Amino acid sequence: MDFIKTTEQSSHYDDLEKMSVLELLTNINNEDKTVPQAVEKAIPQIERLTEQVVTKLKEGGRLFYIGAGTSGRLGIVDASECPPTFGVSHGLVIGLMAGGDHAIRKAVEFAEDSTDQGWLDLKEYNISQKDVVVGIAASGTTPYVIGALKKCNEKGIITGGITCNAKSPLALTAKFPIVAIVGPEFVTGSSRMKAGTAQKLVLNMLSTATMIQLGKVKGNKMVDMQLSNNKLVDRGTRMVMSELNISESLAQELLLKYGSVRNAIKNYKNES
């Protein structure tokens with residue numbers, strides 16, 4: 001089916017090389033301001049996919065992101081931030097990208113053009129109907145992603161998609177598509193810009209709402225975050241101090257003893 005790739009349409013601006021730095025920054029910012037509005041229109045779609053993810057994860061399943069290039073990297077970033085932020089295992093949210101880990105830093109030529117490799121990469125993780133697979137592709141046409149989702153559909157695995165082109169192959173293949181139409185990029189075709197920002201916002205919403213639904217946040221605090229550096233230990237200490245109305249030294253002692261804000265608070269209350 002033919003469709004209009006708005007992400008590839010010509011920029012609303014021309015003669016960029018003649019602009020001053022201030023003009024460039026102002027115009028880029030003006031374009032960026034439109035992105036949250038595009039994402040807002042997709043909230044009903046984000047809601048439907050998030051509900052599916054929450055259900056599957058509560059039943060012991062996993063969330064997979066699969067993409068190529070910028071889209072793949074964004075999925076990996078979101079997946080990698082879930083364990084330290086919410087204290088979940090590294091195997092709960094998994095990011096895969098065309099070309100493998102090497103492609104995180106350096107582009108792997110033609111890796112995204114294989115229609116079979118995405119499914120092969122998923123199979124390495126013993127993917128099953130308990131899991132959810134979310135394909136990420138600004139263009140909505142990446143063969144690596146489309147091929148993987150098609151195979152998942154055949155196997156009865158729930159599929160989602162995050163794209164910036166309506167009626168794209170990804171939007172039509174995913175059972176729960178999310179389409180954030182951001183329009184032409186400031187630099188024509190540079191979908192790491194507005195499209196990338198839209199995808200990042202959607203991923204933030206999807207994973208954060210899911211983790212809150214899974215009970216990984218109390219009030220508005222990351223009570224299960226990993227204490228992986230001094231900044232997070234200090235943050236956790238302040239949370240424990242505030243919740244229990246105790247001294248900083250005692251709060252930190254409890255935090256380090258029990259390993260998380262949640263456990264520190266629970267055990268202190270049990271001991272009191």
# chains A, B, ... in the order shown; residues from 1 in each chain; ligands from 1

call {"tool": "closest_atom_pairs", "arguments": {"of": "region 193-261 of chain A", "to": "region 182-185 of chain A", "cutoff": "12 Å", "atoms": "only C-alpha atoms", "output": "tab-separated table"}}
result
residue	atom	partner	partner_atom	distance
A:Met193	CA	A:Glu185	CA	6.8
A:Lys194	CA	A:Glu185	CA	6.3
A:Ala195	CA	A:Val182	CA	6.3
A:Gly196	CA	A:Val182	CA	9.9
A:Thr197	CA	A:Val182	CA	9.6
A:Ala198	CA	A:Val182	CA	7.6
A:Gln199	CA	A:Val182	CA	10.3

call {"tool": "residues_around", "arguments": {"residues": "region 135-145 of chain A", "least_positions_apart": "6", "cutoff": "6 Å", "atoms": "only C-alpha atoms", "output": "ChimeraX atom specification"}}
result
/A:65-67,71,112-115,118,161-164,168-170

call {"tool": "closest_residue", "arguments": {"among": "A:Lys41, A:Leu25, A:Glu59, A:Met19", "to": "Leu214 (chain A)", "atoms": "only C-alpha atoms"}}
result
A:Glu59

call {"tool": "residues_around", "arguments": {"residues": "Gly61 (chain A)", "least_positions_apart": "2", "cutoff": "10 Å", "atoms": "only C-alpha atoms", "output": "list in words"}}
result
Val53, Val54, Thr55, Lys56, Leu57, Lys58, Glu59, Leu63, Phe64, Gly91, Leu92, Val93, Ile127, Ser128, Gln129, Lys130, Asp131 and Val132 of chain A

call {"tool": "write_last_selection", "arguments": {"atoms": "C-alpha atoms", "output": "mmCIF file, in the first residue's frame"}}
result
data_model
loop_
_atom_site.group_PDB
_atom_site.id
_atom_site.type_symbol
_atom_site.label_atom_id
_atom_site.label_comp_id
_atom_site.auth_asym_id
_atom_site.auth_seq_id
_atom_site.Cartn_x
_atom_site.Cartn_y
_atom_site.Cartn_z
ATOM 1 C CA VAL A 53 2.396 -4.697 28.419
ATOM 2 C CA VAL A 54 1.259 -4.371 32.038
ATOM 3 C CA THR A 55 -0.928 -7.456 31.757
ATOM 4 C CA LYS A 56 1.820 -9.591 30.226
ATOM 5 C CA LEU A 57 4.505 -8.458 32.665
ATOM 6 C CA LYS A 58 2.219 -9.148 35.616
ATOM 7 C CA GLU A 59 1.846 -12.679 34.239
ATOM 8 C CA LEU A 63 8.913 -6.485 27.081
ATOM 9 C CA PHE A 64 11.110 -6.411 24.000
ATOM 10 C CA GLY A 91 15.822 -9.520 31.652
ATOM 11 C CA LEU A 92 12.437 -7.834 32.082
ATOM 12 C CA VAL A 93 12.802 -5.103 29.436
ATOM 13 C CA ILE A 127 10.515 -15.431 22.850
ATOM 14 C CA SER A 128 7.027 -16.747 23.552
ATOM 15 C CA GLN A 129 3.359 -15.767 23.790
ATOM 16 C CA LYS A 130 4.014 -14.547 27.344
ATOM 17 C CA ASP A 131 6.031 -11.633 25.938
ATOM 18 C CA VAL A 132 5.317 -8.360 24.113
#

call {"tool": "closest_residue", "arguments": {"among": "A:Gly72, A:Gly87, A:Gly99, A:Gly189", "to": "Arg262 (chain A)", "atoms": "only C-alpha atoms"}}
result
A:Gly87

call {"tool": "closest_residue", "arguments": {"among": "A:Pro177, A:Lys200, A:Glu253, A:Val134", "to": "Asp234 (chain A)", "atoms": "only C-alpha atoms"}}
result
A:Glu253

call {"tool": "select_by_dssp", "arguments": {"residues": "region 46-246 of chain A", "states": "helix (DSSP H, G or I)", "output": "ChimeraX atom specification"}}
result
/A:46-58,69-86,101-104,111-113,117-123,143-154,169-173,194-213,230-244

call {"tool": "atom_distance", "arguments": {"atom1": "CA of Ser228 (chain A)", "atom2": "CA of Tyr125 (chain A)"}}
result
26.6 Å

call {"tool": "residues_around", "arguments": {"residues": "Cys152 (chain A)", "least_positions_apart": "2", "cutoff": "9 Å", "atoms": "only C-alpha atoms", "output": "list in words"}}
result
Trp119, Ile127, Ser128, Gln129, Val133, Gly147, Ala148, Leu149, Lys150, Glu154, Lys155, Gly156, Ile157, Ile158 and Thr159 of chain A

call {"tool": "write_last_selection", "arguments": {"atoms": "C-alpha atoms", "output": "PDB file, in the first residue's frame"}}
result
ATOM      1  CA  TRP A 119      13.078 -12.809  14.402  1.00  0.00           C
ATOM      2  CA  ILE A 127      10.515 -15.431  22.850  1.00  0.00           C
ATOM      3  CA  SER A 128       7.027 -16.747  23.552  1.00  0.00           C
ATOM      4  CA  GLN A 129       3.359 -15.767  23.790  1.00  0.00           C
ATOM      5  CA  VAL A 133       7.445  -7.126  21.209  1.00  0.00           C
ATOM      6  CA  GLY A 147       9.877  -9.009   9.499  1.00  0.00           C
ATOM      7  CA  ALA A 148      10.182  -9.616  13.228  1.00  0.00           C
ATOM      8  CA  LEU A 149       6.682  -8.323  13.966  1.00  0.00           C
ATOM      9  CA  LYS A 150       5.135 -10.376  11.175  1.00  0.00           C
ATOM     10  CA  GLU A 154       2.132 -15.597  13.221  1.00  0.00           C
ATOM     11  CA  LYS A 155       3.238 -17.030  16.574  1.00  0.00           C
ATOM     12  CA  GLY A 156       0.498 -15.274  18.560  1.00  0.00           C
ATOM     13  CA  ILE A 157       2.902 -12.892  20.300  1.00  0.00           C
ATOM     14  CA  ILE A 158       1.486  -9.430  21.064  1.00  0.00           C
ATOM     15  CA  THR A 159       3.094  -6.754  18.897  1.00  0.00           C
TER      16      THR A 159
END

call {"tool": "closest_residue", "arguments": {"among": "A:Ile28, A:Ala107, A:Met225, A:Ile178", "to": "Cys82 (chain A)", "atoms": "only C-alpha atoms"}}
result
A:Met225

call {"tool": "closest_residue", "arguments": {"among": "A:Met97, A:Leu74, A:Leu49, A:Met241", "to": "Phe176 (chain A)", "atoms": "only C-alpha atoms"}}
result
A:Leu49

call {"tool": "residues_around", "arguments": {"residues": "Pro83 (chain A)", "least_positions_apart": "4", "cutoff": "12 Å", "atoms": "only C-alpha atoms", "output": "PyMOL selection string"}}
result
chain A and resi 77-79+87-94+207-208+211+216+222+224-228

call {"tool": "atom_distance", "arguments": {"atom1": "CA of Ile46 (chain A)", "atom2": "CA of Gly69 (chain A)"}}
result
22.3 Å

call {"tool": "atom_distance", "arguments": {"atom1": "CA of Ser260 (chain A)", "atom2": "CA of Arg73 (chain A)"}}
result
28.9 Å

call {"tool": "closest_residue", "arguments": {"among": "A:Asp32, A:Glu23, A:Asp14, A:Glu47", "to": "Leu203 (chain A)", "atoms": "only C-alpha atoms"}}
result
A:Glu47

call {"tool": "select_by_dssp", "arguments": {"residues": "region 30-203 of chain A", "states": "strand (DSSP E or B)", "output": "ChimeraX atom specification"}}
result
/A:63-67,93-97,132-136,158-163,176-179
